[in-house]
Amino acid sequence: MGHARYLELIRQRFGSESSGRNVRTTLYLAIRHLILDGSLLPGTALPPTRTLADALGFSRSTLVRVYAQLVREGYLQSRGGAATSVSEALPTAMLASPDKSPRPAPTAALSQRGQEIARHATSSRIQGGAFVPGVPDVGLFPFPTWRRLLSKNVRFEQRHLARYSQGGYGPLKVALAEYLRVSRMMVCSPQQILILNGSHQAIDLCARMLCDPGDRVWMEEPGYWGARNVLRANGLQLVPVAVDDEGIAPPETLDGPPPRLMFVSPSSQYPTGAVMSLARRLSLLEQAELHGAWIIEDDYDNEIRYHPHTLGSLFGQSRTQRVLYLGTFSKVMFPGLRLAYLVVPEHLAEAFSIGNAELYREGRMIEQAALAEFIEGGI
Ligand SMILES: Cc1ncc(COP(=O)(O)O)c(C=O)c1O
């Protein structure tokens with residue numbers, strides 16, 4: 001290819017790559033694109049950097065750096081005194097214009113599971129704003145205090161907070177165990193608590209650790225869309241169970257296999273706000289025991305009381321350890337914090353801690369340390 005043709009191609013491509021980028025990146029992308037779409041074939045010699053720099057009006061050092069980067073990455077070769085050329089090691093069959101090849105429809109590119117997730121999307125594009133249910137107003141949050149606690153924990157001496165966490169920051173779990181004992185009548189040790197990246201991750205962990213694809217889940221209807229989507233994405237079969245003013249009303253007789261999991265929000269049913277009656281709680285616990293099922297208790301806004309006589313947690317009422325308790329800091333702190341906690345029965349603590357570490361490798365200890373101090377009265 002003659003230099004004139006090469007320059008023309010570079011100029012054209014430079015135009016389409018340039019938006020918002022600096023000259024070096026634009027030039028790098030332009031040449032790389034011409035190689036990948038087959039416009040510059042393996043072995044094609046490129047003009048010397050000085051010629052190209054003069055013709056394009058850029059500094060030669062820019063050209064030298066771009067060529068050097070493309071050589072490092074294997075797009076170009078530079079041998080001894082010979083001109084820099086397109087690498088002959090590139091597989092020519094791969095060098096076809098991606099722009100010309102037909103792109104698969106976005107959904108066809110997805111797995112069955114991915115397609116299901118996209119098809120049932122609920123709030124992906126509406127995560128905030130006025131009148132969005134479940135999203136708190138963060139206008140009164142004491143950000144100066146939060147900033148002070150965060151920066152205190154980013155100090156050099158706090159290097160241990162920069163590591164992976166082992167299920168959460170210890171002192172935060174201690175503070176939580178105490179809070180749950182006093183306010184939710186729960187007896188649990190810090191070892192039973194996992195700090196997770198929001199409620200969805202906690203539900204995902206429960207689904208993966210306790211259920212197999214095809215297992216049935218009793219879901220409150222109406223109920224929390226987020227839980228429904230995460231459970232469905234795990235291949236679970238959702239069985240809607242009606243809600244009335246006493247909360248979920250489980251069927252008296254089963255019309256299929258028993259559930260493996262039940263998802264409920266007893267303190268304040270989402271979205272009706274019903275508080276589950278004691279009779280229903282006891283009946284649900286009995287059914288869980290009977291079917292060998294697990295209950296996820298979503299206590300998403302337990303810090304906020306709408307009723308003068310709210311009952312304690314289902315977790316605290318269960319004598320047979322079949323309840324996993326889920327709390328979040330999204331309401332009482334702010335949703336972008338992405339911190340939730342899962343309290344699991346004692347005999348599941350070890351397995352859940354392993355599952356959490358294997359699947360997600362948690363961190364965010366600096367925020368958790370700041371949060372522990374915030375709870376202990378940092379304001
Ligand atoms: C019913 C319910 N559960 C849990 C949550 C908390 O979710 P996260 O911890 O992912 O913010 C919400 C938030 O809107 C909710 O409405």
# chains A, B, ... in the order shown; residues from 1 in each chain; ligands from 1

call {"tool": "residues_near_ligand", "arguments": {"ligand": "ligand 1", "cutoff": "10 Å", "atoms": "only C-alpha atoms and all ligand atoms", "output": "PyMOL selection string"}}
result
chain A and resi 127-128+132-136+196-203+223-227+264-265+268-271+297-301+326-331+334-341

call {"tool": "write_last_selection", "arguments": {"atoms": "N, CA and C atoms", "output": "CSV table (one decimal), in the first residue's frame"}}
result
chain,number,residue,atom,x,y,z
A,127,GLN,N,-33.8,3.8,39.6
A,127,GLN,CA,-33.2,3.5,40.9
A,127,GLN,C,-33.4,4.6,41.9
A,128,GLY,N,-34.0,5.7,41.5
A,128,GLY,CA,-34.1,6.8,42.5
A,128,GLY,C,-35.1,7.9,41.9
A,132,VAL,N,-40.3,7.0,44.4
A,132,VAL,CA,-39.9,5.7,44.1
A,132,VAL,C,-40.0,4.9,45.4
A,133,PRO,N,-40.8,3.8,45.4
A,133,PRO,CA,-41.0,3.1,46.7
A,133,PRO,C,-39.6,2.5,47.2
A,134,GLY,N,-39.5,2.6,48.5
A,134,GLY,CA,-38.3,2.0,49.1
A,134,GLY,C,-37.0,2.8,49.0
A,135,VAL,N,-37.1,4.0,48.4
A,135,VAL,CA,-35.8,4.8,48.2
A,135,VAL,C,-35.9,6.0,49.2
A,136,PRO,N,-35.0,6.0,50.2
A,136,PRO,CA,-35.1,7.1,51.2
A,136,PRO,C,-34.6,8.4,50.7
A,196,LEU,N,-22.8,-8.1,53.7
A,196,LEU,CA,-22.8,-8.3,52.2
A,196,LEU,C,-23.1,-7.0,51.5
A,197,ASN,N,-22.9,-7.1,50.2
A,197,ASN,CA,-23.0,-6.0,49.3
A,197,ASN,C,-24.5,-5.8,48.9
A,198,GLY,N,-25.3,-5.5,49.9
A,198,GLY,CA,-26.8,-5.2,49.6
A,198,GLY,C,-27.6,-6.5,49.7
A,199,SER,N,-28.9,-6.3,49.8
A,199,SER,CA,-29.8,-7.4,50.0
A,199,SER,C,-29.8,-8.4,48.9
A,200,HIS,N,-29.7,-7.9,47.6
A,200,HIS,CA,-29.8,-8.8,46.5
A,200,HIS,C,-28.7,-9.9,46.6
A,201,GLN,N,-27.5,-9.4,47.0
A,201,GLN,CA,-26.4,-10.4,47.1
A,201,GLN,C,-26.7,-11.4,48.2
A,202,ALA,N,-27.3,-11.0,49.3
A,202,ALA,CA,-27.6,-11.9,50.4
A,202,ALA,C,-28.6,-12.9,49.9
A,203,ILE,N,-29.6,-12.5,49.1
A,203,ILE,CA,-30.7,-13.4,48.6
A,203,ILE,C,-30.0,-14.4,47.6
A,223,GLY,N,-45.2,-8.7,46.2
A,223,GLY,CA,-44.0,-8.9,47.0
A,223,GLY,C,-42.9,-8.1,46.4
A,224,TYR,N,-41.7,-8.3,47.0
A,224,TYR,CA,-40.5,-7.5,46.6
A,224,TYR,C,-40.0,-8.0,45.2
A,225,TRP,N,-40.1,-7.2,44.2
A,225,TRP,CA,-39.6,-7.5,42.9
A,225,TRP,C,-38.2,-8.0,42.8
A,226,GLY,N,-37.3,-7.3,43.7
A,226,GLY,CA,-35.9,-7.6,43.7
A,226,GLY,C,-35.6,-9.0,44.1
A,227,ALA,N,-36.3,-9.5,45.1
A,227,ALA,CA,-36.1,-10.8,45.6
A,227,ALA,C,-36.6,-11.8,44.5
A,264,VAL,N,-40.4,-13.8,52.9
A,264,VAL,CA,-41.4,-13.0,53.6
A,264,VAL,C,-40.8,-11.8,54.2
A,265,SER,N,-41.7,-10.8,54.4
A,265,SER,CA,-41.3,-9.5,55.1
A,265,SER,C,-42.3,-9.3,56.2
A,268,SER,N,-43.0,-5.6,58.1
A,268,SER,CA,-43.7,-4.6,57.3
A,268,SER,C,-43.7,-5.1,55.9
A,269,GLN,N,-44.8,-5.8,55.6
A,269,GLN,CA,-44.9,-6.5,54.3
A,269,GLN,C,-44.7,-5.5,53.1
A,270,TYR,N,-43.8,-5.9,52.2
A,270,TYR,CA,-43.6,-5.0,51.1
A,270,TYR,C,-44.5,-5.5,49.9
A,271,PRO,N,-45.3,-4.7,49.4
A,271,PRO,CA,-45.5,-3.2,49.6
A,271,PRO,C,-46.7,-2.9,50.5
A,297,GLU,N,-36.3,-14.0,56.0
A,297,GLU,CA,-37.0,-12.9,56.6
A,297,GLU,C,-36.4,-11.6,56.2
A,298,ASP,N,-37.1,-10.9,55.3
A,298,ASP,CA,-36.6,-9.6,54.8
A,298,ASP,C,-37.0,-8.5,55.8
A,299,ASP,N,-36.1,-8.0,56.6
A,299,ASP,CA,-36.5,-7.0,57.6
A,299,ASP,C,-35.9,-5.6,57.1
A,300,TYR,N,-36.3,-5.3,55.9
A,300,TYR,CA,-35.6,-4.2,55.2
A,300,TYR,C,-35.7,-2.8,55.8
A,301,ASP,N,-36.8,-2.5,56.6
A,301,ASP,CA,-36.8,-1.2,57.2
A,301,ASP,C,-37.2,-1.3,58.7
A,326,LEU,N,-32.5,-11.1,57.2
A,326,LEU,CA,-31.8,-10.1,56.3
A,326,LEU,C,-32.2,-8.7,56.6
A,327,GLY,N,-31.1,-7.9,56.9
A,327,GLY,CA,-31.3,-6.5,57.2
A,327,GLY,C,-30.4,-5.7,56.2
A,328,THR,N,-30.7,-4.4,56.1
A,328,THR,CA,-29.9,-3.6,55.1
A,328,THR,C,-29.7,-2.2,55.7
A,329,PHE,N,-28.6,-1.6,55.3
A,329,PHE,CA,-28.3,-0.2,55.8
A,329,PHE,C,-28.8,0.8,54.7
A,330,SER,N,-29.5,0.3,53.7
A,330,SER,CA,-30.0,1.2,52.6
A,330,SER,C,-30.9,2.2,53.1
A,331,LYS,N,-31.8,1.9,54.1
A,331,LYS,CA,-32.8,2.9,54.5
A,331,LYS,C,-32.3,3.8,55.6
A,334,PHE,N,-27.8,5.1,53.7
A,334,PHE,CA,-28.2,5.5,52.3
A,334,PHE,C,-28.0,4.4,51.4
A,335,PRO,N,-28.8,4.3,50.3
A,335,PRO,CA,-28.8,3.1,49.4
A,335,PRO,C,-27.4,2.8,48.7
A,336,GLY,N,-26.7,3.9,48.4
A,336,GLY,CA,-25.5,3.8,47.7
A,336,GLY,C,-24.4,3.2,48.5
A,337,LEU,N,-24.6,3.1,49.8
A,337,LEU,CA,-23.6,2.4,50.7
A,337,LEU,C,-23.4,1.0,50.3
A,338,ARG,N,-24.5,0.3,49.9
A,338,ARG,CA,-24.5,-1.1,49.5
A,338,ARG,C,-23.9,-2.0,50.6
A,339,LEU,N,-24.5,-1.9,51.8
A,339,LEU,CA,-24.2,-2.8,52.8
A,339,LEU,C,-25.4,-3.4,53.4
A,340,ALA,N,-25.5,-4.7,53.5
A,340,ALA,CA,-26.6,-5.4,54.1
A,340,ALA,C,-26.0,-6.5,55.0
A,341,TYR,N,-26.8,-7.1,55.8
A,341,TYR,CA,-26.3,-8.2,56.7
A,341,TYR,C,-27.3,-9.3,56.7

call {"tool": "residues_around", "arguments": {"residues": "region 174-191 of chain A", "least_positions_apart": "2", "cutoff": "10 Å", "atoms": "only C-alpha atoms", "output": "PyMOL selection string"}}
result
chain A and resi 167-172+193-194+299+302-303+310-318+325+327+341+343-346+349-350+353+371-373+375-376

call {"tool": "write_last_selection", "arguments": {"atoms": "C-alpha atoms", "output": "tab-separated table (two decimals), in the first residue's frame"}}
result
chain	number	residue	atom	x	y	z
A	167	GLY	CA	-17.45	-12.05	56.08
A	168	GLY	CA	-17.34	-8.52	57.45
A	169	TYR	CA	-15.58	-6.23	59.89
A	170	GLY	CA	-15.57	-7.86	63.35
A	171	PRO	CA	-16.53	-4.84	65.50
A	172	LEU	CA	-19.44	-4.06	63.14
A	193	ILE	CA	-23.55	-12.53	60.74
A	194	LEU	CA	-22.26	-11.88	57.23
A	299	ASP	CA	-36.49	-6.96	57.60
A	302	ASN	CA	-36.91	-2.54	60.75
A	303	GLU	CA	-35.45	0.69	62.18
A	310	THR	CA	-44.49	-4.32	66.14
A	311	LEU	CA	-43.63	-7.90	66.91
A	312	GLY	CA	-40.05	-9.05	67.23
A	313	SER	CA	-38.33	-10.87	64.41
A	314	LEU	CA	-39.40	-14.23	63.02
A	315	PHE	CA	-35.78	-15.31	63.50
A	316	GLY	CA	-36.16	-14.67	67.23
A	317	GLN	CA	-39.44	-16.59	67.31
A	318	SER	CA	-38.09	-19.67	65.55
A	325	TYR	CA	-32.63	-12.88	58.76
A	327	GLY	CA	-31.26	-6.50	57.19
A	341	TYR	CA	-26.31	-8.17	56.69
A	343	VAL	CA	-27.88	-13.63	60.05
A	344	VAL	CA	-27.86	-17.37	59.52
A	345	PRO	CA	-28.66	-20.23	61.92
A	346	GLU	CA	-25.65	-21.33	63.93
A	349	ALA	CA	-22.58	-20.17	59.71
A	350	GLU	CA	-19.44	-22.00	58.60
A	353	SER	CA	-18.98	-17.98	55.35
A	371	LEU	CA	-20.20	2.35	60.06
A	372	ALA	CA	-19.27	0.53	63.30
A	373	GLU	CA	-18.11	3.85	64.77
A	375	ILE	CA	-23.41	3.06	65.23
A	376	GLU	CA	-21.38	3.42	68.41

call {"tool": "select_by_dssp", "arguments": {"residues": "region 246-304 of chain A", "states": "alpha helix (DSSP H)", "output": "PyMOL selection string"}}
result
chain A and resi 278-291

call {"tool": "write_last_selection", "arguments": {"atoms": "N, CA and C atoms", "output": "PDB file, in the first residue's frame"}}
result
ATOM      1  N   LEU A 278     -49.173 -13.053  64.902  1.00  0.00           N
ATOM      2  CA  LEU A 278     -48.458 -14.123  65.596  1.00  0.00           C
ATOM      3  C   LEU A 278     -48.932 -15.493  65.107  1.00  0.00           C
ATOM      4  N   ALA A 279     -50.244 -15.605  64.867  1.00  0.00           N
ATOM      5  CA  ALA A 279     -50.783 -16.900  64.422  1.00  0.00           C
ATOM      6  C   ALA A 279     -50.131 -17.295  63.086  1.00  0.00           C
ATOM      7  N   ARG A 280     -50.023 -16.338  62.185  1.00  0.00           N
ATOM      8  CA  ARG A 280     -49.409 -16.637  60.880  1.00  0.00           C
ATOM      9  C   ARG A 280     -47.926 -16.989  61.026  1.00  0.00           C
ATOM     10  N   ARG A 281     -47.263 -16.263  61.908  1.00  0.00           N
ATOM     11  CA  ARG A 281     -45.837 -16.543  62.094  1.00  0.00           C
ATOM     12  C   ARG A 281     -45.641 -17.985  62.567  1.00  0.00           C
ATOM     13  N   LEU A 282     -46.447 -18.367  63.561  1.00  0.00           N
ATOM     14  CA  LEU A 282     -46.279 -19.712  64.112  1.00  0.00           C
ATOM     15  C   LEU A 282     -46.629 -20.758  63.078  1.00  0.00           C
ATOM     16  N   SER A 283     -47.675 -20.452  62.260  1.00  0.00           N
ATOM     17  CA  SER A 283     -48.062 -21.424  61.243  1.00  0.00           C
ATOM     18  C   SER A 283     -46.986 -21.540  60.150  1.00  0.00           C
ATOM     19  N   LEU A 284     -46.375 -20.406  59.811  1.00  0.00           N
ATOM     20  CA  LEU A 284     -45.315 -20.428  58.794  1.00  0.00           C
ATOM     21  C   LEU A 284     -44.097 -21.219  59.294  1.00  0.00           C
ATOM     22  N   LEU A 285     -43.741 -20.980  60.558  1.00  0.00           N
ATOM     23  CA  LEU A 285     -42.602 -21.707  61.130  1.00  0.00           C
ATOM     24  C   LEU A 285     -42.881 -23.204  61.161  1.00  0.00           C
ATOM     25  N   GLU A 286     -44.141 -23.532  61.449  1.00  0.00           N
ATOM     26  CA  GLU A 286     -44.516 -24.952  61.508  1.00  0.00           C
ATOM     27  C   GLU A 286     -44.432 -25.574  60.112  1.00  0.00           C
ATOM     28  N   GLN A 287     -44.912 -24.828  59.126  1.00  0.00           N
ATOM     29  CA  GLN A 287     -44.847 -25.355  57.752  1.00  0.00           C
ATOM     30  C   GLN A 287     -43.394 -25.539  57.302  1.00  0.00           C
ATOM     31  N   ALA A 288     -42.555 -24.587  57.663  1.00  0.00           N
ATOM     32  CA  ALA A 288     -41.138 -24.689  57.278  1.00  0.00           C
ATOM     33  C   ALA A 288     -40.536 -25.951  57.882  1.00  0.00           C
ATOM     34  N   GLU A 289     -40.870 -26.203  59.130  1.00  0.00           N
ATOM     35  CA  GLU A 289     -40.364 -27.381  59.826  1.00  0.00           C
ATOM     36  C   GLU A 289     -40.888 -28.651  59.142  1.00  0.00           C
ATOM     37  N   LEU A 290     -42.185 -28.625  58.842  1.00  0.00           N
ATOM     38  CA  LEU A 290     -42.833 -29.790  58.234  1.00  0.00           C
ATOM     39  C   LEU A 290     -42.211 -30.141  56.882  1.00  0.00           C
ATOM     40  N   HIS A 291     -41.948 -29.106  56.054  1.00  0.00           N
ATOM     41  CA  HIS A 291     -41.441 -29.356  54.698  1.00  0.00           C
ATOM     42  C   HIS A 291     -39.915 -29.354  54.619  1.00  0.00           C
TER      43      HIS A 291
END

call {"tool": "residues_around", "arguments": {"residues": "Gln158 (chain A)", "least_positions_apart": "5", "cutoff": "12 Å", "atoms": "only C-alpha atoms", "output": "list of chain:residue names"}}
result
A:Leu150, A:Ser151, A:Lys152, A:Asn153, A:Arg163, A:Met365, A:Ile366, A:Ala369, A:Ala370

call {"tool": "write_last_selection", "arguments": {"atoms": "C-alpha atoms", "output": "PDB file, in the first residue's frame"}}
result
ATOM      1  CA  LEU A 150     -14.295   7.489  56.591  1.00  0.00           C
ATOM      2  CA  SER A 151     -11.130   9.558  56.471  1.00  0.00           C
ATOM      3  CA  LYS A 152     -10.205   8.444  59.972  1.00  0.00           C
ATOM      4  CA  ASN A 153     -10.285   4.854  58.740  1.00  0.00           C
ATOM      5  CA  ARG A 163      -7.573  -6.379  52.751  1.00  0.00           C
ATOM      6  CA  MET A 365     -13.814  -2.784  55.332  1.00  0.00           C
ATOM      7  CA  ILE A 366     -13.134   0.946  55.489  1.00  0.00           C
ATOM      8  CA  ALA A 369     -15.249   0.343  60.158  1.00  0.00           C
ATOM      9  CA  ALA A 370     -16.723   3.824  59.712  1.00  0.00           C
TER      10      ALA A 370
END

call {"tool": "residues_around", "arguments": {"residues": "Trp294 (chain A)", "least_positions_apart": "5", "cutoff": "10 Å", "atoms": "only C-alpha atoms", "output": "ChimeraX atom specification"}}
result
/A:206,210-211,217,259-263,285,287-289,321-324

call {"tool": "residues_around", "arguments": {"residues": "Thr84 (chain A)", "least_positions_apart": "4", "cutoff": "6 Å", "atoms": "only C-alpha atoms", "output": "list in words"}}
result
Ala45, Leu46, Gln77 and Ser78 of chain A

call {"tool": "atom_distance", "arguments": {"atom1": "CA of Tyr67 (chain A)", "atom2": "CA of Gly15 (chain A)"}}
result
18.9 Å

call {"tool": "atom_distance", "arguments": {"atom1": "CA of Arg21 (chain A)", "atom2": "CA of Phe58 (chain A)"}}
result
14.7 Å

call {"tool": "select_by_dssp", "arguments": {"residues": "region 189-333 of chain A", "states": "strand (DSSP E or B)", "output": "ChimeraX atom specification"}}
result
/A:193-196,216-221,237-244,247-248,261-264,294-298,323-328

call {"tool": "closest_residue", "arguments": {"among": "A:Ala68, A:Leu76, A:Ile296, A:Val275", "to": "Leu205 (chain A)", "atoms": "only C-alpha atoms"}}
result
A:Ile296

call {"tool": "residues_around", "arguments": {"residues": "Met219 (chain A)", "least_positions_apart": "4", "cutoff": "6 Å", "atoms": "only C-alpha atoms", "output": "list in words"}}
result
Val239, Pro240, Val241 and Phe263 of chain A
